[in-house]
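Pasting final-v7.tsv here (TSV, N, CA and C atoms):
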chain	number	residue	atom	x	y	z
I	212	MET	N	175.15	64.50	122.78
I	212	MET	CA	175.71	65.81	122.57
I	212	MET	C	176.44	66.32	123.82
I	213	ALA	N	175.92	65.98	125.00
I	213	ALA	CA	176.55	66.43	126.24
I	213	ALA	C	177.95	65.84	126.38
I	214	ALA	N	178.08	64.55	126.09
I	214	ALA	CA	179.39	63.91	126.19
I	214	ALA	C	180.34	64.47	125.14
I	215	LEU	N	179.84	64.66	123.93
I	215	LEU	CA	180.68	65.21	122.86
I	215	LEU	C	181.20	66.59	123.23
I	216	ALA	N	180.35	67.43	123.78
I	216	ALA	CA	180.77	68.77	124.20
I	216	ALA	C	181.88	68.69	125.24
I	217	ASN	N	181.79	67.71	126.13
I	217	ASN	CA	182.83	67.55	127.14
I	217	ASN	C	184.14	67.07	126.54
I	218	ALA	N	184.07	66.15	125.60
I	218	ALA	CA	185.29	65.67	124.95
I	218	ALA	C	185.96	66.80	124.16
I	219	ILE	N	185.14	67.63	123.52
I	219	ILE	CA	185.69	68.78	122.79
I	219	ILE	C	186.40	69.71	123.77
I	220	ALA	N	185.75	69.99	124.90
I	220	ALA	CA	186.34	70.90	125.89
I	220	ALA	C	187.59	70.30	126.53
I	221	GLU	N	187.58	69.02	126.75
I	221	GLU	CA	188.70	68.37	127.44
I	221	GLU	C	189.92	68.17	126.55
I	222	SER	N	189.71	67.68	125.32
I	222	SER	CA	190.86	67.27	124.52
I	222	SER	C	190.86	67.78	123.08
I	223	ARG	N	189.81	68.54	122.73
I	223	ARG	CA	189.61	68.93	121.32
I	223	ARG	C	189.56	67.68	120.43
I	224	LEU	N	189.03	66.60	121.01
I	224	LEU	CA	188.83	65.31	120.34
I	224	LEU	C	190.14	64.64	119.93
I	225	ASP	N	191.20	64.95	120.66
I	225	ASP	CA	192.50	64.31	120.42
I	225	ASP	C	192.63	63.12	121.36
I	226	PRO	N	192.54	61.89	120.85
I	226	PRO	CA	192.60	60.72	121.74
I	226	PRO	C	193.95	60.57	122.43
I	227	ASN	N	194.99	61.20	121.91
I	227	ASN	CA	196.32	61.11	122.51
I	227	ASN	C	196.64	62.26	123.45
I	228	ALA	N	195.67	63.11	123.73
I	228	ALA	CA	195.90	64.26	124.61
I	228	ALA	C	196.35	63.78	125.99
I	229	HIS	N	197.28	64.54	126.56
I	229	HIS	CA	197.80	64.25	127.90
I	229	HIS	C	198.02	65.55	128.62
I	230	ALA	N	197.41	65.70	129.76
I	230	ALA	CA	197.62	66.86	130.63
I	230	ALA	C	198.42	66.40	131.83
I	231	ALA	N	199.60	66.96	132.00
I	231	ALA	CA	200.47	66.53	133.08
I	231	ALA	C	200.66	67.59	134.16
I	232	ARG	N	200.30	68.82	133.89
I	232	ARG	CA	200.51	69.89	134.87
I	232	ARG	C	199.43	69.83	135.94
I	233	GLY	N	199.80	69.41	137.14
I	233	GLY	CA	198.88	69.33	138.26
I	233	GLY	C	197.93	68.14	138.18
I	234	GLU	N	198.07	67.32	137.19
I	234	GLU	CA	197.22	66.14	137.02
I	234	GLU	C	197.95	65.14	136.13
I	235	ASP	N	197.31	64.05	135.87
I	235	ASP	CA	197.88	63.05	134.96
I	235	ASP	C	196.70	62.47	134.17
I	236	SER	N	196.20	63.27	133.23
I	236	SER	CA	194.96	62.95	132.52
I	236	SER	C	195.24	62.61	131.06
I	237	PHE	N	194.49	61.64	130.55
I	237	PHE	CA	194.73	61.12	129.21
I	237	PHE	C	193.44	60.97	128.42
I	238	GLY	N	193.58	61.11	127.11
I	238	GLY	CA	192.54	60.72	126.18
I	238	GLY	C	191.47	61.74	125.90
I	239	LEU	N	190.45	61.28	125.20
I	239	LEU	CA	189.36	62.15	124.76
I	239	LEU	C	188.71	62.91	125.90
I	240	PHE	N	188.49	62.23	127.02
I	240	PHE	CA	187.81	62.85	128.16
I	240	PHE	C	188.78	63.25	129.26
I	241	GLN	N	190.08	63.19	128.98
I	241	GLN	CA	191.10	63.57	129.95
I	241	GLN	C	190.84	62.93	131.31
I	242	LEU	N	190.86	61.62	131.32
I	242	LEU	CA	190.61	60.86	132.54
I	242	LEU	C	191.84	60.90	133.42
I	243	ASN	N	191.67	61.43	134.62
I	243	ASN	CA	192.76	61.69	135.54
I	243	ASN	C	193.13	60.42	136.31
I	244	ARG	N	194.38	60.05	136.22
I	244	ARG	CA	194.87	58.87	136.92
I	244	ARG	C	195.12	59.14	138.40
I	245	ARG	N	195.07	60.40	138.81
I	245	ARG	CA	195.28	60.76	140.21
I	245	ARG	C	193.93	61.03	140.88
I	246	GLY	N	193.20	59.97	141.12
I	246	GLY	CA	191.94	60.10	141.85
I	246	GLY	C	190.71	60.32	141.00
I	247	GLY	N	190.87	60.38	139.70
I	247	GLY	CA	189.72	60.56	138.82
I	247	GLY	C	189.32	59.24	138.16
I	248	LEU	N	188.57	59.33	137.09
I	248	LEU	CA	188.10	58.13	136.39
I	248	LEU	C	189.25	57.33	135.77
I	249	GLY	N	190.40	57.93	135.64
I	249	GLY	CA	191.54	57.22	135.07
I	249	GLY	C	192.35	56.44	136.09
I	250	ALA	N	192.01	56.57	137.37
I	250	ALA	CA	192.75	55.86	138.43
I	250	ALA	C	192.68	54.36	138.18
I	251	GLY	N	193.83	53.71	138.26
I	251	GLY	CA	193.90	52.27	138.07
I	251	GLY	C	194.02	51.84	136.62
I	252	HIS	N	194.05	52.81	135.71
I	252	HIS	CA	194.17	52.50	134.28
I	252	HIS	C	195.53	52.96	133.76
I	253	ALA	N	196.09	52.19	132.86
I	253	ALA	CA	197.37	52.55	132.23
I	253	ALA	C	197.14	53.64	131.19
I	254	PRO	N	198.13	54.50	130.98
I	254	PRO	CA	198.00	55.52	129.94
I	254	PRO	C	197.63	54.93	128.58
I	255	SER	N	198.20	53.78	128.24
I	255	SER	CA	197.90	53.17	126.95
I	255	SER	C	196.42	52.81	126.82
I	256	GLU	N	195.80	52.46	127.93
I	256	GLU	CA	194.36	52.17	127.92
I	256	GLU	C	193.55	53.45	127.76
I	257	LEU	N	194.00	54.50	128.43
I	257	LEU	CA	193.24	55.76	128.42
I	257	LEU	C	193.33	56.51	127.10
I	258	VAL	N	194.39	56.32	126.33
I	258	VAL	CA	194.48	56.98	125.02
I	258	VAL	C	193.78	56.16	123.94
I	259	ASN	N	193.34	54.97	124.28
I	259	ASN	CA	192.55	54.17	123.35
I	259	ASN	C	191.12	54.71	123.39
I	260	PRO	N	190.62	55.26	122.28
I	260	PRO	CA	189.29	55.88	122.31
I	260	PRO	C	188.19	54.95	122.81
I	261	GLU	N	188.21	53.69	122.41
I	261	GLU	CA	187.16	52.76	122.85
I	261	GLU	C	187.19	52.56	124.36
I	262	SER	N	188.37	52.42	124.93
I	262	SER	CA	188.49	52.25	126.38
I	262	SER	C	188.09	53.52	127.12
I	263	ASN	N	188.58	54.66	126.64
I	263	ASN	CA	188.29	55.94	127.26
I	263	ASN	C	186.78	56.19	127.28
I	264	ILE	N	186.14	55.96	126.16
I	264	ILE	CA	184.69	56.17	126.05
I	264	ILE	C	183.94	55.19	126.93
I	265	ALA	N	184.37	53.94	126.99
I	265	ALA	CA	183.70	52.93	127.81
I	265	ALA	C	183.73	53.32	129.29
I	266	ILE	N	184.85	53.84	129.75
I	266	ILE	CA	184.96	54.28	131.14
I	266	ILE	C	183.98	55.41	131.41
I	267	VAL	N	183.89	56.34	130.48
I	267	VAL	CA	182.99	57.48	130.63
I	267	VAL	C	181.53	57.04	130.58
I	268	ILE	N	181.20	56.13	129.68
I	268	ILE	CA	179.82	55.64	129.59
I	268	ILE	C	179.40	54.99	130.90
I	269	LYS	N	180.28	54.18	131.46
I	269	LYS	CA	179.97	53.53	132.73
I	269	LYS	C	179.70	54.56	133.82
I	270	ALA	N	180.52	55.60	133.88
I	270	ALA	CA	180.33	56.65	134.89
I	270	ALA	C	179.03	57.42	134.62
I	271	ALA	N	178.74	57.71	133.37
I	271	ALA	CA	177.52	58.45	133.02
I	271	ALA	C	176.28	57.64	133.38
I	272	GLN	N	176.35	56.34	133.21
I	272	GLN	CA	175.20	55.48	133.55
I	272	GLN	C	174.93	55.45	135.04
I	273	GLN	N	175.89	55.83	135.84
I	273	GLN	CA	175.73	55.87	137.30
I	273	GLN	C	175.28	57.24	137.79
I	274	SER	N	175.17	58.21	136.89
I	274	SER	CA	174.76	59.57	137.25
I	274	SER	C	173.25	59.70	137.09
I	275	LYS	N	172.55	59.78	138.21
I	275	LYS	CA	171.09	59.93	138.15
I	275	LYS	C	170.71	61.22	137.43
I	276	GLY	N	171.47	62.27	137.66
I	276	GLY	CA	171.19	63.55	137.00
I	276	GLY	C	171.32	63.45	135.50
I	277	PHE	N	172.32	62.73	135.03
I	277	PHE	CA	172.53	62.58	133.60
I	277	PHE	C	171.43	61.70	133.00
I	278	ILE	N	171.14	60.61	133.65
I	278	ILE	CA	170.12	59.68	133.14
I	278	ILE	C	168.75	60.35	133.08
I	279	ARG	N	168.44	61.17	134.07
I	279	ARG	CA	167.12	61.81	134.16
I	279	ARG	C	167.05	63.16	133.46
I	280	ALA	N	168.12	63.59	132.83
I	280	ALA	CA	168.14	64.91	132.18
I	280	ALA	C	167.04	65.01	131.12
I	281	VAL	N	166.34	66.13	131.14
I	281	VAL	CA	165.26	66.33	130.18
I	281	VAL	C	165.61	67.39	129.13
I	282	SER	N	166.78	67.97	129.27
I	282	SER	CA	167.21	68.97	128.29
I	282	SER	C	168.71	68.82	128.07
I	283	LEU	N	169.17	69.40	127.00
I	283	LEU	CA	170.61	69.38	126.71
I	283	LEU	C	171.38	70.06	127.83
I	284	ASP	N	170.88	71.19	128.30
I	284	ASP	CA	171.55	71.91	129.37
I	284	ASP	C	171.65	71.06	130.64
I	285	ASP	N	170.56	70.35	130.98
I	285	ASP	CA	170.58	69.47	132.15
I	285	ASP	C	171.59	68.34	131.98
I	286	ALA	N	171.63	67.77	130.78
I	286	ALA	CA	172.56	66.67	130.52
I	286	ALA	C	174.00	67.12	130.63
I	287	VAL	N	174.31	68.28	130.04
I	287	VAL	CA	175.67	68.81	130.13
I	287	VAL	C	176.03	69.10	131.58
I	288	SER	N	175.13	69.75	132.30
I	288	SER	CA	175.39	70.09	133.71
I	288	SER	C	175.68	68.84	134.53
I	289	ALA	N	174.85	67.82	134.38
I	289	ALA	CA	175.04	66.58	135.14
I	289	ALA	C	176.34	65.90	134.74
I	290	PHE	N	176.65	65.90	133.44
I	290	PHE	CA	177.88	65.27	132.97
I	290	PHE	C	179.09	65.96	133.57
I	291	VAL	N	179.08	67.28	133.59
I	291	VAL	CA	180.21	68.02	134.16
I	291	VAL	C	180.32	67.74	135.65
I	292	ARG	N	179.20	67.83	136.37
I	292	ARG	CA	179.20	67.63	137.83
I	292	ARG	C	179.57	66.20	138.24
I	293	ASP	N	178.97	65.22	137.56
I	293	ASP	CA	179.06	63.85	138.04
I	293	ASP	C	180.10	62.99	137.34
I	294	VAL	N	180.46	63.33	136.12
I	294	VAL	CA	181.38	62.50	135.36
I	294	VAL	C	182.74	63.17	135.23
I	295	GLU	N	182.80	64.33	134.63
I	295	GLU	CA	184.10	65.00	134.41
I	295	GLU	C	184.67	65.60	135.69
I	296	ARG	N	183.87	66.27	136.47
I	296	ARG	CA	184.26	66.88	137.74
I	296	ARG	C	185.49	67.80	137.65
I	297	PRO	N	185.47	68.80	136.76
I	297	PRO	CA	186.60	69.74	136.68
I	297	PRO	C	186.64	70.64	137.92
I	298	SER	N	187.71	71.38	138.07
I	298	SER	CA	187.86	72.22	139.26
I	298	SER	C	186.87	73.39	139.27
I	299	ASP	N	186.58	73.97	138.14
I	299	ASP	CA	185.64	75.10	138.06
I	299	ASP	C	184.31	74.60	137.46
I	300	ILE	N	183.53	73.93	138.27
I	300	ILE	CA	182.30	73.32	137.75
I	300	ILE	C	181.35	74.35	137.15
I	301	PRO	N	181.01	75.45	137.83
I	301	PRO	CA	180.07	76.41	137.21
I	301	PRO	C	180.59	77.00	135.90
I	302	GLY	N	181.87	77.36	135.87
I	302	GLY	CA	182.46	77.92	134.66
I	302	GLY	C	182.49	76.92	133.52
I	303	GLU	N	182.82	75.68	133.84
I	303	GLU	CA	182.89	74.65	132.81
I	303	GLU	C	181.49	74.26	132.31
I	304	ILE	N	180.50	74.28	133.18
I	304	ILE	CA	179.12	74.01	132.73
I	304	ILE	C	178.74	75.06	131.69
I	305	SER	N	178.97	76.31	131.99
I	305	SER	CA	178.63	77.40	131.07
I	305	SER	C	179.34	77.23	129.74
I	306	LYS	N	180.62	76.96	129.79
I	306	LYS	CA	181.42	76.80	128.58
I	306	LYS	C	180.94	75.60	127.75
I	307	ARG	N	180.68	74.50	128.41
I	307	ARG	CA	180.33	73.27	127.71
I	307	ARG	C	178.89	73.28	127.21
I	308	VAL	N	178.01	74.00	127.87
I	308	VAL	CA	176.64	74.17	127.36
I	308	VAL	C	176.71	74.89	126.02
I	309	LYS	N	177.54	75.92	125.94
I	309	LYS	CA	177.70	76.65	124.67
I	309	LYS	C	178.25	75.74	123.58
I	310	ILE	N	179.25	74.95	123.92
I	310	ILE	CA	179.81	74.01	122.93
I	310	ILE	C	178.73	73.04	122.47
I	311	ALA	N	177.95	72.51	123.39
I	311	ALA	CA	176.90	71.54	123.05
I	311	ALA	C	175.87	72.16	122.11
I	312	HIS	N	175.44	73.37	122.40
I	312	HIS	CA	174.44	74.02	121.54
I	312	HIS	C	175.03	74.33	120.16
I	313	ASN	N	176.27	74.78	120.12
I	313	ASN	CA	176.91	75.05	118.82
I	313	ASN	C	177.09	73.77	118.01
I	314	THR	N	177.49	72.69	118.67
I	314	THR	CA	177.66	71.41	118.01
I	314	THR	C	176.31	70.87	117.53
I	315	ASN	N	175.29	71.04	118.34
I	315	ASN	CA	173.95	70.59	117.98
I	315	ASN	C	173.43	71.32	116.74
I	316	ARG	N	173.75	72.60	116.63
I	316	ARG	CA	173.35	73.39	115.45
I	316	ARG	C	174.03	72.86	114.19
I	317	LEU	N	175.28	72.44	114.31
I	317	LEU	CA	176.02	71.94	113.17
I	317	LEU	C	175.42	70.64	112.62
I	318	LYS	N	174.89	69.82	113.51
I	318	LYS	CA	174.34	68.54	113.05
I	318	LYS	C	172.99	68.71	112.37
I	319	SER	N	172.30	69.81	112.63
I	319	SER	CA	170.96	70.05	112.05
I	319	SER	C	171.03	70.45	110.60

Rewritten as structure tokens:
Amino acid sequence: MAALANAIAESRLDPNAHAARGEDSFGLFQLNRRGGLGAGHAPSELVNPESNIAIVIKAAQQSKGFIRAVSLDDAVSAFVRDVERPSDIPGEISKRVKIAHNTNRLKS
């Protein structure tokens, strides 16, 4: 749910999303080719959902905070801090925690 909330916040689940203003980010998780998780990857790779998700999974597996999270809020916070790394970390944690809880309610 934490990763899903981040993909919703980043791209509204549009695998072809591209943010070019001040960055060069692509795909579901908006992986930034300028120093972010998208560095070294071609845009065609980053808009491929399987590739985009695989890159994010690898990064999430390296986040001790994410792996050790005991609550949805902890998982979202760690994912934002360690994987997505947006410019406004506290604001984005708050926003994405709300998305995660709302999404979690929908699945119940």

Original post:
Counting only N, CA and C atoms, what is within 6 Å of stretch 282-297 of chain I, bar same-chain residues fewer than 6 positions away, as a PyMOL selection string?
Top reply: chain I and resi 213+270-271+276+304+308

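Relative to atom C of I:Ala231, atom N of I:Gln272 is found at 26.8 Å.
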
Hey, can I get the axis-aligned box for stretch 287-295 of chain I? All listed atoms, 8 Å padding on each side, centre and edge lengths in Å to one decimal, as JSON.
{"center_x": 179.5, "center_y": 66.3, "center_z": 134.1, "size_x": 26.4, "size_y": 23.6, "size_z": 24.2}

Filtered DSSP result for chain I, state helix (DSSP H, G or I), as an mmCIF file with N, CA and C atoms, keeping the file's coordinate frame:
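The result, stored in part_33.cif:
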data_model
loop_
_atom_site.group_PDB
_atom_site.id
_atom_site.type_symbol
_atom_site.label_atom_id
_atom_site.label_comp_id
_atom_site.auth_asym_id
_atom_site.auth_seq_id
_atom_site.Cartn_x
_atom_site.Cartn_y
_atom_site.Cartn_z
ATOM 1 N N ALA I 213 175.920 65.980 125.000
ATOM 2 C CA ALA I 213 176.550 66.430 126.240
ATOM 3 C C ALA I 213 177.950 65.840 126.380
ATOM 4 N N ALA I 214 178.080 64.550 126.090
ATOM 5 C CA ALA I 214 179.390 63.910 126.190
ATOM 6 C C ALA I 214 180.340 64.470 125.140
ATOM 7 N N LEU I 215 179.840 64.660 123.930
ATOM 8 C CA LEU I 215 180.680 65.210 122.860
ATOM 9 C C LEU I 215 181.200 66.590 123.230
ATOM 10 N N ALA I 216 180.350 67.430 123.780
ATOM 11 C CA ALA I 216 180.770 68.770 124.200
ATOM 12 C C ALA I 216 181.880 68.690 125.240
ATOM 13 N N ASN I 217 181.790 67.710 126.130
ATOM 14 C CA ASN I 217 182.830 67.550 127.140
ATOM 15 C C ASN I 217 184.140 67.070 126.540
ATOM 16 N N ALA I 218 184.070 66.150 125.600
ATOM 17 C CA ALA I 218 185.290 65.670 124.950
ATOM 18 C C ALA I 218 185.960 66.800 124.160
ATOM 19 N N ILE I 219 185.140 67.630 123.520
ATOM 20 C CA ILE I 219 185.690 68.780 122.790
ATOM 21 C C ILE I 219 186.400 69.710 123.770
ATOM 22 N N ALA I 220 185.750 69.990 124.900
ATOM 23 C CA ALA I 220 186.340 70.900 125.890
ATOM 24 C C ALA I 220 187.590 70.300 126.530
ATOM 25 N N GLU I 221 187.580 69.020 126.750
ATOM 26 C CA GLU I 221 188.700 68.370 127.440
ATOM 27 C C GLU I 221 189.920 68.170 126.550
ATOM 28 N N SER I 222 189.710 67.680 125.320
ATOM 29 C CA SER I 222 190.860 67.270 124.520
ATOM 30 C C SER I 222 190.860 67.780 123.080
ATOM 31 N N PRO I 254 198.130 54.500 130.980
ATOM 32 C CA PRO I 254 198.000 55.520 129.940
ATOM 33 C C PRO I 254 197.630 54.930 128.580
ATOM 34 N N SER I 255 198.200 53.780 128.240
ATOM 35 C CA SER I 255 197.900 53.170 126.950
ATOM 36 C C SER I 255 196.420 52.810 126.820
ATOM 37 N N GLU I 256 195.800 52.460 127.930
ATOM 38 C CA GLU I 256 194.360 52.170 127.920
ATOM 39 C C GLU I 256 193.550 53.450 127.760
ATOM 40 N N LEU I 257 194.000 54.500 128.430
ATOM 41 C CA LEU I 257 193.240 55.760 128.420
ATOM 42 C C LEU I 257 193.330 56.510 127.100
ATOM 43 N N PRO I 260 190.620 55.260 122.280
ATOM 44 C CA PRO I 260 189.290 55.880 122.310
ATOM 45 C C PRO I 260 188.190 54.950 122.810
ATOM 46 N N GLU I 261 188.210 53.690 122.410
ATOM 47 C CA GLU I 261 187.160 52.760 122.850
ATOM 48 C C GLU I 261 187.190 52.560 124.360
ATOM 49 N N SER I 262 188.370 52.420 124.930
ATOM 50 C CA SER I 262 188.490 52.250 126.380
ATOM 51 C C SER I 262 188.090 53.520 127.120
ATOM 52 N N ASN I 263 188.580 54.660 126.640
ATOM 53 C CA ASN I 263 188.290 55.940 127.260
ATOM 54 C C ASN I 263 186.780 56.190 127.280
ATOM 55 N N ILE I 264 186.140 55.960 126.160
ATOM 56 C CA ILE I 264 184.690 56.170 126.050
ATOM 57 C C ILE I 264 183.940 55.190 126.930
ATOM 58 N N ALA I 265 184.370 53.940 126.990
ATOM 59 C CA ALA I 265 183.700 52.930 127.810
ATOM 60 C C ALA I 265 183.730 53.320 129.290
ATOM 61 N N ILE I 266 184.850 53.840 129.750
ATOM 62 C CA ILE I 266 184.960 54.280 131.140
ATOM 63 C C ILE I 266 183.980 55.410 131.410
ATOM 64 N N VAL I 267 183.890 56.340 130.480
ATOM 65 C CA VAL I 267 182.990 57.480 130.630
ATOM 66 C C VAL I 267 181.530 57.040 130.580
ATOM 67 N N ILE I 268 181.200 56.130 129.680
ATOM 68 C CA ILE I 268 179.820 55.640 129.590
ATOM 69 C C ILE I 268 179.400 54.990 130.900
ATOM 70 N N LYS I 269 180.280 54.180 131.460
ATOM 71 C CA LYS I 269 179.970 53.530 132.730
ATOM 72 C C LYS I 269 179.700 54.560 133.820
ATOM 73 N N ALA I 270 180.520 55.600 133.880
ATOM 74 C CA ALA I 270 180.330 56.650 134.890
ATOM 75 C C ALA I 270 179.030 57.420 134.620
ATOM 76 N N ALA I 271 178.740 57.710 133.370
ATOM 77 C CA ALA I 271 177.520 58.450 133.020
ATOM 78 C C ALA I 271 176.280 57.640 133.380
ATOM 79 N N GLN I 272 176.350 56.340 133.210
ATOM 80 C CA GLN I 272 175.200 55.480 133.550
ATOM 81 C C GLN I 272 174.930 55.450 135.040
ATOM 82 N N LYS I 275 172.550 59.780 138.210
ATOM 83 C CA LYS I 275 171.090 59.930 138.150
ATOM 84 C C LYS I 275 170.710 61.220 137.430
ATOM 85 N N GLY I 276 171.470 62.270 137.660
ATOM 86 C CA GLY I 276 171.190 63.550 137.000
ATOM 87 C C GLY I 276 171.320 63.450 135.500
ATOM 88 N N PHE I 277 172.320 62.730 135.030
ATOM 89 C CA PHE I 277 172.530 62.580 133.600
ATOM 90 C C PHE I 277 171.430 61.700 133.000
ATOM 91 N N ILE I 278 171.140 60.610 133.650
ATOM 92 C CA ILE I 278 170.120 59.680 133.140
ATOM 93 C C ILE I 278 168.750 60.350 133.080
ATOM 94 N N LEU I 283 169.170 69.400 127.000
ATOM 95 C CA LEU I 283 170.610 69.380 126.710
ATOM 96 C C LEU I 283 171.380 70.060 127.830
ATOM 97 N N ASP I 284 170.880 71.190 128.300
ATOM 98 C CA ASP I 284 171.550 71.910 129.370
ATOM 99 C C ASP I 284 171.650 71.060 130.640
ATOM 100 N N ASP I 285 170.560 70.350 130.980
ATOM 101 C CA ASP I 285 170.580 69.470 132.150
ATOM 102 C C ASP I 285 171.590 68.340 131.980
ATOM 103 N N ALA I 286 171.630 67.770 130.780
ATOM 104 C CA ALA I 286 172.560 66.670 130.520
ATOM 105 C C ALA I 286 174.000 67.120 130.630
ATOM 106 N N VAL I 287 174.310 68.280 130.040
ATOM 107 C CA VAL I 287 175.670 68.810 130.130
ATOM 108 C C VAL I 287 176.030 69.100 131.580
ATOM 109 N N SER I 288 175.130 69.750 132.300
ATOM 110 C CA SER I 288 175.390 70.090 133.710
ATOM 111 C C SER I 288 175.680 68.840 134.530
ATOM 112 N N ALA I 289 174.850 67.820 134.380
ATOM 113 C CA ALA I 289 175.040 66.580 135.140
ATOM 114 C C ALA I 289 176.340 65.900 134.740
ATOM 115 N N PHE I 290 176.650 65.900 133.440
ATOM 116 C CA PHE I 290 177.880 65.270 132.970
ATOM 117 C C PHE I 290 179.090 65.960 133.570
ATOM 118 N N VAL I 291 179.080 67.280 133.590
ATOM 119 C CA VAL I 291 180.210 68.020 134.160
ATOM 120 C C VAL I 291 180.320 67.740 135.650
ATOM 121 N N ARG I 292 179.200 67.830 136.370
ATOM 122 C CA ARG I 292 179.200 67.630 137.830
ATOM 123 C C ARG I 292 179.570 66.200 138.240
ATOM 124 N N ASP I 293 178.970 65.220 137.560
ATOM 125 C CA ASP I 293 179.060 63.850 138.040
ATOM 126 C C ASP I 293 180.100 62.990 137.340
ATOM 127 N N VAL I 294 180.460 63.330 136.120
ATOM 128 C CA VAL I 294 181.380 62.500 135.360
ATOM 129 C C VAL I 294 182.740 63.170 135.230
ATOM 130 N N GLU I 295 182.800 64.330 134.630
ATOM 131 C CA GLU I 295 184.100 65.000 134.410
ATOM 132 C C GLU I 295 184.670 65.600 135.690
ATOM 133 N N ILE I 300 183.530 73.930 138.270
ATOM 134 C CA ILE I 300 182.300 73.320 137.750
ATOM 135 C C ILE I 300 181.350 74.350 137.150
ATOM 136 N N PRO I 301 181.010 75.450 137.830
ATOM 137 C CA PRO I 301 180.070 76.410 137.210
ATOM 138 C C PRO I 301 180.590 77.000 135.900
ATOM 139 N N GLY I 302 181.870 77.360 135.870
ATOM 140 C CA GLY I 302 182.460 77.920 134.660
ATOM 141 C C GLY I 302 182.490 76.920 133.520
ATOM 142 N N GLU I 303 182.820 75.680 133.840
ATOM 143 C CA GLU I 303 182.890 74.650 132.810
ATOM 144 C C GLU I 303 181.490 74.260 132.310
ATOM 145 N N ILE I 304 180.500 74.280 133.180
ATOM 146 C CA ILE I 304 179.120 74.010 132.730
ATOM 147 C C ILE I 304 178.740 75.060 131.690
ATOM 148 N N SER I 305 178.970 76.310 131.990
ATOM 149 C CA SER I 305 178.630 77.400 131.070
ATOM 150 C C SER I 305 179.340 77.230 129.740
ATOM 151 N N LYS I 306 180.620 76.960 129.790
ATOM 152 C CA LYS I 306 181.420 76.800 128.580
ATOM 153 C C LYS I 306 180.940 75.600 127.750
ATOM 154 N N ARG I 307 180.680 74.500 128.410
ATOM 155 C CA ARG I 307 180.330 73.270 127.710
ATOM 156 C C ARG I 307 178.890 73.280 127.210
ATOM 157 N N VAL I 308 178.010 74.000 127.870
ATOM 158 C CA VAL I 308 176.640 74.170 127.360
ATOM 159 C C VAL I 308 176.710 74.890 126.020
ATOM 160 N N LYS I 309 177.540 75.920 125.940
ATOM 161 C CA LYS I 309 177.700 76.650 124.670
ATOM 162 C C LYS I 309 178.250 75.740 123.580
ATOM 163 N N ILE I 310 179.250 74.950 123.920
ATOM 164 C CA ILE I 310 179.810 74.010 122.930
ATOM 165 C C ILE I 310 178.730 73.040 122.470
ATOM 166 N N ALA I 311 177.950 72.510 123.390
ATOM 167 C CA ALA I 311 176.900 71.540 123.050
ATOM 168 C C ALA I 311 175.870 72.160 122.110
ATOM 169 N N HIS I 312 175.440 73.370 122.400
ATOM 170 C CA HIS I 312 174.440 74.020 121.540
ATOM 171 C C HIS I 312 175.030 74.330 120.160
ATOM 172 N N ASN I 313 176.270 74.780 120.120
ATOM 173 C CA ASN I 313 176.910 75.050 118.820
ATOM 174 C C ASN I 313 177.090 73.770 118.010
ATOM 175 N N THR I 314 177.490 72.690 118.670
ATOM 176 C CA THR I 314 177.660 71.410 118.010
ATOM 177 C C THR I 314 176.310 70.870 117.530
ATOM 178 N N ASN I 315 175.290 71.040 118.340
ATOM 179 C CA ASN I 315 173.950 70.590 117.980
ATOM 180 C C ASN I 315 173.430 71.320 116.740
ATOM 181 N N ARG I 316 173.750 72.600 116.630
ATOM 182 C CA ARG I 316 173.350 73.390 115.450
ATOM 183 C C ARG I 316 174.030 72.860 114.190
ATOM 184 N N LEU I 317 175.280 72.440 114.310
ATOM 185 C CA LEU I 317 176.020 71.940 113.170
ATOM 186 C C LEU I 317 175.420 70.640 112.620
ATOM 187 N N LYS I 318 174.890 69.820 113.510
ATOM 188 C CA LYS I 318 174.340 68.540 113.050
ATOM 189 C C LYS I 318 172.990 68.710 112.370
#

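Interatomic distance, atom C of I:Leu239 to atom C of I:Asn313: 17.8 Å.
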
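One distance worth recording is that between atom CA of I:Pro226 and atom CA of I:Ala253, which is 14.1 Å.
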
Original post:
Near stretch 248-250 of chain I, within 8 Å and counting only N, CA and C atoms, which residues show up once chain neighbours fewer than 2 positions away are dropped, as a ChimeraX atom specification?
Top reply: /I:235-237,241-246,252-254,257,266-267,294-295
